[in-house]
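So this block is run_1.cif, mmCIF, C-alpha atoms:
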```cif
data_upload
#
loop_
_atom_site.label_atom_id
_atom_site.label_comp_id
_atom_site.auth_asym_id
_atom_site.auth_seq_id
_atom_site.Cartn_x
_atom_site.Cartn_y
_atom_site.Cartn_z
CA MET A 1 -162.79 -27.66 3.15
CA ALA A 2 -164.86 -26.75 0.09
CA GLU A 3 -161.80 -25.35 -1.67
CA SER A 4 -159.83 -28.47 -0.82
CA LEU A 5 -162.62 -30.71 -2.08
CA GLU A 6 -162.85 -28.68 -5.28
CA GLN A 7 -159.12 -29.09 -5.86
CA ASN A 8 -159.36 -32.85 -5.28
CA ILE A 9 -162.26 -33.12 -7.72
CA ALA A 10 -160.37 -31.13 -10.34
CA ALA A 11 -157.31 -33.34 -9.89
CA GLU A 12 -159.34 -36.55 -10.21
CA PHE A 13 -161.07 -35.36 -13.39
CA THR A 14 -157.75 -34.25 -14.86
CA THR A 15 -156.42 -37.76 -14.30
CA LEU A 16 -159.59 -39.27 -15.77
CA HIS A 17 -159.42 -37.03 -18.84
CA GLN A 18 -155.81 -38.00 -19.41
CA PHE A 19 -156.69 -41.69 -19.08
CA LEU A 20 -159.55 -41.38 -21.59
CA ASN A 21 -157.36 -39.46 -24.04
CA ASP A 22 -154.68 -42.14 -23.77
CA GLU A 23 -157.25 -44.90 -24.33
CA GLU A 24 -158.68 -43.04 -27.34
CA GLU A 25 -155.26 -42.74 -28.94
CA LEU A 26 -154.50 -46.38 -28.18
CA MET A 27 -157.74 -47.60 -29.76
CA LYS A 28 -157.27 -45.36 -32.80
CA GLY A 29 -153.76 -46.67 -33.23
CA LYS A 30 -154.92 -50.28 -32.96
CA LEU A 31 -157.72 -49.68 -35.48
CA LYS A 32 -155.23 -48.09 -37.89
CA GLU A 33 -152.92 -51.08 -37.54
CA ASP A 34 -155.80 -53.49 -38.16
CA VAL A 35 -156.96 -51.61 -41.26
CA GLU A 36 -153.39 -51.44 -42.63
CA ARG A 37 -152.91 -55.17 -42.00
CA LEU A 38 -156.21 -55.95 -43.70
CA SER A 39 -155.37 -53.74 -46.66
CA ARG A 40 -152.01 -55.44 -47.00
CA LEU A 41 -153.71 -58.85 -46.92
CA LEU A 42 -156.17 -57.79 -49.62
CA ARG A 43 -153.34 -56.51 -51.80
CA GLU A 44 -151.47 -59.79 -51.40
CA ASN A 45 -154.59 -61.77 -52.33
CA LEU A 46 -155.15 -59.55 -55.36
CA GLN A 47 -151.58 -60.20 -56.44
CA ARG A 48 -152.15 -63.97 -56.15
CA ILE A 49 -155.35 -63.69 -58.20
CA THR A 50 -153.59 -61.58 -60.85
CA GLU A 51 -150.79 -64.14 -61.13
CA LYS A 52 -153.31 -66.99 -61.41
CA ARG A 53 -155.25 -65.12 -64.06
CA ALA A 54 -152.07 -64.56 -66.08
CA SER A 55 -151.28 -68.26 -65.84
CA ILE A 56 -154.78 -69.22 -66.99
CA GLU A 57 -154.63 -66.78 -69.89
CA CYS A 58 -151.30 -68.31 -70.98
CA THR A 59 -152.86 -71.77 -70.82
CA ILE A 60 -155.81 -70.63 -72.92
CA LEU A 61 -153.43 -69.14 -75.48
CA GLU A 62 -151.50 -72.39 -75.72
CA ILE A 63 -154.73 -74.35 -76.23
CA GLN A 64 -155.85 -71.93 -78.94
CA GLN A 65 -152.53 -72.27 -80.75
CA ARG A 66 -152.54 -76.06 -80.55
CA LEU A 67 -156.10 -76.42 -81.77
CA ASN A 68 -155.84 -73.50 -84.19
CA VAL A 69 -159.20 -72.29 -82.94
CA GLN A 70 -160.41 -69.04 -84.50
CA GLU A 71 -163.58 -68.52 -82.43
CA THR A 72 -162.37 -68.69 -78.81
CA ALA A 73 -164.09 -65.75 -77.12
CA PHE A 74 -166.65 -68.01 -75.49
CA LEU A 75 -163.99 -70.36 -74.11
CA ALA A 76 -161.95 -67.51 -72.62
CA CYS A 77 -164.98 -65.88 -71.05
CA LYS A 78 -166.16 -69.15 -69.55
CA THR A 79 -162.72 -69.98 -68.13
CA VAL A 80 -162.27 -66.57 -66.49
CA ASN A 81 -165.80 -66.70 -65.03
CA LEU A 82 -165.15 -70.14 -63.55
CA PHE A 83 -161.90 -68.81 -62.10
CA LEU A 84 -163.68 -65.89 -60.42
CA VAL A 85 -166.39 -68.16 -59.02
CA PHE A 86 -163.71 -70.50 -57.72
CA PHE A 87 -161.94 -67.74 -55.81
CA GLY A 88 -165.25 -66.32 -54.63
CA CYS A 89 -166.06 -69.57 -52.86
CA PHE A 90 -162.58 -70.75 -51.93
CA PRO A 91 -160.38 -67.88 -50.64
CA PRO A 92 -156.58 -68.18 -50.86
CA GLU A 93 -154.90 -70.21 -48.13
CA GLY A 94 -154.09 -68.20 -45.03
CA CYS A 95 -156.84 -65.60 -45.58
CA GLN A 96 -158.37 -65.44 -42.09
CA ILE A 97 -160.63 -62.50 -41.25
CA SER A 98 -162.08 -62.00 -37.78
CA ASN A 99 -165.66 -60.87 -37.14
CA ARG A 100 -164.42 -57.46 -35.91
CA GLU A 101 -162.37 -56.95 -39.07
CA VAL A 102 -165.38 -57.73 -41.25
CA ARG A 103 -167.19 -54.76 -39.74
CA VAL A 104 -164.62 -52.26 -41.10
CA ILE A 105 -164.81 -53.55 -44.67
CA SER A 106 -166.87 -51.64 -47.20
CA GLN A 107 -170.36 -52.96 -47.99
CA SER A 108 -169.32 -53.79 -51.54
CA THR A 109 -166.91 -56.50 -50.31
CA LEU A 110 -168.89 -57.69 -47.28
CA LEU A 111 -170.58 -60.63 -49.03
CA TYR A 112 -167.21 -62.21 -49.85
CA PHE A 113 -166.25 -62.16 -46.18
CA HIS A 114 -169.68 -63.50 -45.18
CA VAL A 115 -168.44 -66.74 -46.69
CA ILE A 116 -164.84 -66.84 -45.43
CA SER A 117 -165.79 -65.77 -41.89
CA LEU A 118 -167.86 -68.92 -41.50
CA PRO A 119 -166.18 -71.85 -39.70
CA ARG A 120 -162.69 -72.43 -41.14
CA GLY A 121 -162.41 -74.89 -43.99
CA ILE A 122 -166.05 -74.61 -45.07
CA ALA A 123 -166.64 -73.44 -48.62
CA VAL A 124 -170.28 -72.60 -49.16
CA VAL A 125 -172.25 -71.78 -52.28
CA PRO A 126 -175.27 -69.76 -51.06
CA ALA A 127 -178.57 -71.58 -51.39
CA ALA A 128 -181.06 -70.08 -53.87
CA LEU A 129 -184.34 -70.45 -51.99
CA THR A 130 -187.95 -69.76 -52.85
CA LEU A 131 -191.06 -70.19 -50.70
CA GLU A 132 -193.53 -73.04 -51.23
CA PRO A 133 -197.08 -71.54 -51.37
CA ASN A 134 -198.67 -74.95 -50.76
CA THR A 135 -197.22 -74.93 -47.23
CA ALA A 136 -198.25 -71.34 -46.37
CA HIS A 137 -200.88 -70.59 -43.72
CA PRO A 138 -204.02 -69.09 -45.36
CA GLU A 139 -203.34 -65.68 -43.77
CA LEU A 140 -199.92 -65.39 -45.39
CA LEU A 141 -199.30 -63.54 -48.65
CA ILE A 142 -196.42 -64.80 -50.81
CA SER A 143 -194.85 -62.42 -53.34
CA GLU A 144 -194.95 -63.24 -57.05
CA ASP A 145 -191.23 -64.03 -57.10
CA LEU A 146 -191.77 -66.41 -54.13
CA ARG A 147 -189.07 -64.65 -52.10
CA SER A 148 -191.02 -62.69 -49.46
CA VAL A 149 -193.94 -63.36 -47.12
CA ARG A 150 -196.11 -61.13 -44.96
CA LEU A 151 -199.26 -61.45 -42.87
CA SER A 152 -202.56 -60.65 -44.56
CA ASP A 153 -205.62 -59.05 -42.98
CA THR A 154 -207.93 -61.74 -44.33
CA TRP A 155 -208.18 -65.51 -44.44
CA GLN A 156 -207.69 -66.77 -47.98
CA ASP A 157 -209.84 -69.58 -49.34
CA LEU A 158 -207.08 -72.11 -50.06
CA PRO A 159 -207.11 -75.92 -50.29
CA ASP A 160 -206.47 -77.57 -46.92
CA ASN A 161 -203.76 -79.85 -48.31
CA PRO A 162 -201.69 -81.99 -45.88
CA GLU A 163 -198.53 -79.91 -46.21
CA ARG A 164 -200.21 -76.57 -45.33
CA PHE A 165 -199.89 -74.99 -41.87
CA ASP A 166 -203.43 -74.24 -40.67
CA ASP A 167 -202.89 -72.70 -37.22
CA CYS A 168 -199.38 -71.22 -37.01
CA VAL A 169 -198.65 -68.48 -39.57
CA SER A 170 -195.72 -70.35 -41.08
CA VAL A 171 -194.32 -71.36 -44.46
CA LEU A 172 -191.50 -73.62 -45.70
CA SER A 173 -189.14 -73.19 -48.61
CA ALA A 174 -189.62 -75.15 -51.80
CA GLN A 175 -186.06 -76.47 -51.52
CA GLY A 176 -185.02 -79.07 -48.95
CA PHE A 177 -181.64 -80.50 -47.95
CA GLU A 178 -180.67 -84.05 -47.01
CA SER A 179 -176.89 -83.64 -47.26
CA GLY A 180 -174.18 -81.06 -47.64
CA ARG A 181 -173.52 -77.57 -46.30
CA HIS A 182 -175.76 -74.62 -47.16
CA TYR A 183 -175.98 -70.92 -46.26
CA TRP A 184 -178.82 -68.46 -46.83
CA GLN A 185 -179.96 -65.10 -45.49
CA VAL A 186 -183.34 -63.72 -44.43
CA GLU A 187 -184.01 -59.99 -44.24
CA VAL A 188 -185.99 -59.26 -41.06
CA GLY A 189 -185.65 -55.46 -41.17
CA ASN A 190 -187.38 -53.65 -38.30
CA LYS A 191 -189.95 -56.33 -37.58
CA THR A 192 -190.98 -56.85 -33.94
CA MET A 193 -191.77 -60.57 -34.35
CA TRP A 194 -190.41 -63.36 -36.58
CA ASP A 195 -189.34 -67.02 -36.60
CA VAL A 196 -186.46 -68.33 -38.73
CA GLY A 197 -184.89 -71.78 -38.88
CA LEU A 198 -185.26 -75.33 -40.20
CA ALA A 199 -187.94 -78.00 -40.04
CA LYS A 200 -188.02 -81.72 -40.78
CA GLU A 201 -190.13 -82.77 -43.73
CA SER A 202 -192.34 -84.85 -41.43
CA VAL A 203 -193.25 -82.10 -38.94
CA SER A 204 -196.88 -81.59 -38.00
CA ARG A 205 -198.51 -78.84 -40.03
CA LYS A 206 -201.96 -78.93 -38.40
CA GLY A 207 -203.11 -77.31 -35.19
CA ASN A 208 -200.82 -75.74 -32.64
CA ILE A 209 -197.18 -76.74 -33.08
CA ILE A 210 -194.24 -76.62 -30.70
CA LEU A 211 -190.98 -75.25 -32.08
CA SER A 212 -188.38 -77.55 -30.56
CA PRO A 213 -185.76 -80.01 -31.83
CA GLU A 214 -187.80 -82.88 -30.34
CA ASP A 215 -190.68 -81.86 -32.61
CA GLY A 216 -188.46 -81.40 -35.65
CA PHE A 217 -187.75 -77.64 -35.54
CA TRP A 218 -184.42 -75.82 -35.10
CA THR A 219 -185.37 -72.16 -34.86
CA ILE A 220 -184.75 -68.81 -33.23
CA TRP A 221 -187.34 -66.07 -32.85
CA LEU A 222 -187.91 -62.44 -31.93
CA ARG A 223 -190.74 -61.25 -29.69
CA ASN A 224 -191.76 -57.79 -28.44
CA GLY A 225 -189.17 -56.09 -30.62
CA ASN A 226 -186.11 -56.97 -28.53
CA GLU A 227 -186.54 -60.44 -26.98
CA TYR A 228 -184.50 -63.03 -28.89
CA GLU A 229 -184.72 -66.71 -28.02
CA ALA A 230 -183.28 -69.97 -29.33
CA LEU A 231 -186.02 -72.59 -29.15
CA SER A 232 -183.77 -75.36 -27.85
CA THR A 233 -184.55 -77.70 -24.94
CA PRO A 234 -184.65 -75.87 -22.64
CA SER A 235 -185.03 -72.64 -24.58
CA ALA A 236 -182.22 -70.09 -24.33
CA PHE A 237 -182.69 -66.33 -24.17
CA LEU A 238 -180.18 -64.53 -26.37
CA SER A 239 -178.36 -61.30 -25.58
CA LEU A 240 -177.40 -59.57 -28.83
CA ARG A 241 -175.11 -56.54 -29.08
CA SER A 242 -177.22 -55.01 -31.84
CA LYS A 243 -180.57 -55.61 -33.53
CA PRO A 244 -179.89 -57.63 -36.70
CA LYS A 245 -181.56 -56.54 -39.90
CA THR A 246 -180.58 -59.76 -41.72
CA ILE A 247 -180.26 -63.27 -40.29
CA GLY A 248 -177.81 -65.75 -41.84
CA VAL A 249 -178.50 -69.48 -41.47
CA PHE A 250 -175.79 -72.11 -42.00
CA LEU A 251 -176.59 -75.84 -42.18
CA ASP A 252 -173.95 -78.57 -42.02
CA TYR A 253 -176.12 -81.64 -42.45
CA GLU A 254 -173.47 -84.30 -41.84
CA LYS A 255 -172.10 -82.63 -38.70
CA GLY A 256 -175.58 -81.86 -37.39
CA HIS A 257 -175.00 -78.11 -37.02
CA VAL A 258 -177.51 -75.32 -37.56
CA SER A 259 -175.92 -71.92 -36.91
CA PHE A 260 -177.53 -68.49 -36.94
CA TYR A 261 -175.60 -65.29 -37.66
CA ASN A 262 -176.22 -61.59 -37.51
CA ALA A 263 -175.43 -61.17 -41.21
CA ASP A 264 -174.71 -57.46 -40.73
CA ASP A 265 -171.40 -58.27 -39.00
CA MET A 266 -171.30 -62.11 -39.16
CA SER A 267 -171.36 -62.49 -35.37
CA VAL A 268 -172.70 -65.87 -34.22
CA ILE A 269 -176.14 -65.76 -32.58
CA TYR A 270 -176.68 -69.44 -31.72
CA THR A 271 -175.78 -72.96 -32.87
CA PHE A 272 -177.88 -76.12 -32.58
CA THR A 273 -176.15 -79.51 -32.61
CA ASP A 274 -178.24 -82.58 -33.46
CA THR A 275 -178.42 -85.66 -35.68
CA PHE A 276 -180.41 -85.33 -38.89
CA LYS A 277 -182.05 -88.37 -40.48
CA GLU A 278 -184.47 -86.88 -42.98
CA ARG A 279 -184.90 -83.99 -45.37
CA LEU A 280 -184.80 -80.50 -43.84
CA PHE A 281 -186.60 -77.41 -45.13
CA PRO A 282 -185.91 -73.75 -44.24
CA TYR A 283 -188.76 -72.50 -42.02
CA PHE A 284 -190.16 -68.97 -41.78
CA SER A 285 -192.88 -67.08 -39.92
CA PRO A 286 -193.42 -63.31 -40.24
CA GLY A 287 -195.27 -63.33 -36.89
CA GLU A 288 -198.53 -61.72 -35.83
CA SER A 289 -199.45 -58.09 -36.64
CA ASP A 290 -198.41 -56.81 -33.18
CA GLY A 291 -200.88 -53.95 -33.41
CA GLY A 292 -199.72 -53.00 -36.88
CA LYS A 293 -196.07 -52.62 -35.84
CA ASN A 294 -195.03 -55.89 -37.52
CA ALA A 295 -196.31 -55.30 -41.04
CA GLU A 296 -192.95 -55.69 -42.83
CA PRO A 297 -192.43 -58.93 -44.79
CA LEU A 298 -189.71 -61.49 -44.33
CA LYS A 299 -187.50 -61.51 -47.44
CA LEU A 300 -185.14 -64.15 -48.78
CA CYS A 301 -181.91 -62.48 -49.84
CA LEU A 302 -180.31 -63.13 -53.21
CA LEU A 303 -176.63 -63.87 -52.59
CA ARG A 304 -174.13 -63.54 -55.40
CA LEU A 305 -170.40 -64.19 -55.16
#
```

Just dump the structure as structure tokens.
Amino acid sequence: MAESLEQNIAAEFTTLHQFLNDEEELMKGKLKEDVERLSRLLRENLQRITEKRASIECTILEIQQRLNVQETAFLACKTVNLFLVFFGCFPPEGCQISNREVRVISQSTLLYFHVISLPRGIAVVPAALTLEPNTAHPELLISEDLRSVRLSDTWQDLPDNPERFDDCVSVLSAQGFESGRHYWQVEVGNKTMWDVGLAKESVSRKGNIILSPEDGFWTIWLRNGNEYEALSTPSAFLSLRSKPKTIGVFLDYEKGHVSFYNADDMSVIYTFTDTFKERLFPYFSPGESDGGKNAEPLKLCLLRL
């Protein structure tokens, strides 16, 4: 009986090994096809851009000849730069890249696909944000370039102006939005606690605050290193495939959408849908010290296309 059982076990594992080998080859083949298709698409787009550039250069040459302009270096440089910015924000028609495909692209080209992997038809110029020190809780330290914030060990003697948070360790950006579509990124690194989102201009800054859409906040947060939650009504616990190091936030003011992305692979984390009637400001909190484990700052990323 033991010999028979051993033979059965060996046969089952042989079948299992064969199945796994077949699956491995199938997945490798599919990945190779995807990469080849993506490479072909990139080559086609490069060809379109090259043809457009040649057309623009011909147009510039015609203008120079007609106007008999001798000093045209500035004009040519400006035209080409505008062309590159145009194609950075508005990819060629038919260029559709899935979230999974983005993950196999080199880091040097990832930012371009951050933009085109957002909802189709949306062309976004990344928002250049800085933090507003006058809104910062007295225990927060703002960097000199106004692009990062961390928790301090001491209470700073700062004016208790109306716009300053005095209980929650929070800060708003200096820039607000009352129309349009905007995208920005926040580096959260290995922090164990943080809050990221948007707040109405009229939100309460004094005392304990409740992060909810009813109170003018559209936020997600991290607690205890691995507990992600969207502070909707009711709140929603989030199950993420990987721990994001950078959070992308996309606001479509007119449609009432606030979407959060894992900016490492552009997978969607959560989307709020609401109606906005006043100016909105990006909202940040680096969280409490968590026994010294949460000392890293929150950083606003500089996005360049």

> Do you have the CA of Lys200 in chain A-CA of Gly225 in chain A distance handy?
Replying inline: 27.6 Å

> If you apply the PyMOL selection byres ((chain A and resi 185) around 8) to this file, what residues do you get, as a PyMOL selection string?
Replying inline: chain A and resi 183-184+186-187+246-249+263+300-303

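Using all atoms listed in the file, the shortest contact distance between Ser239 in chain A and any of A:Ile49, A:Ile60, A:Val268, A:Leu251 is found at A:Val268.
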
> From the set A:Leu20, A:Gly287, A:Thr275, A:Ser173, which residue has the shortest atom-to-atom contact distance to Leu146 in chain A, counting all atoms listed in the file?
Replying inline: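 The shortest atom-to-atom distance to Leu146 in chain A comes from A:Ser173.
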
>> Would you compute the distance between CA of Asp166 in chain A and CA of Ser235 in chain A? Give it in Å to one decimal.
In response: 24.5 Å

> What's the 8 Å shell around Lys191 in chain A, counting all atoms listed in the file, without same-chain residues fewer than 4 positions away, as a ChimeraX atom specification?
Replying inline: /A:225,293-296

Using only C-alpha atoms, please write the residues we just selected to a file, as a short mmCIF file (atom, residue, chain, number, x, y, z; two decimals), keeping the file's coordinate frame.
```cif
data_model
loop_
_atom_site.label_atom_id
_atom_site.label_comp_id
_atom_site.auth_asym_id
_atom_site.auth_seq_id
_atom_site.Cartn_x
_atom_site.Cartn_y
_atom_site.Cartn_z
CA GLY A 225 -189.17 -56.09 -30.62
CA LYS A 293 -196.07 -52.62 -35.84
CA ASN A 294 -195.03 -55.89 -37.52
CA ALA A 295 -196.31 -55.30 -41.04
CA GLU A 296 -192.95 -55.69 -42.83
#
```
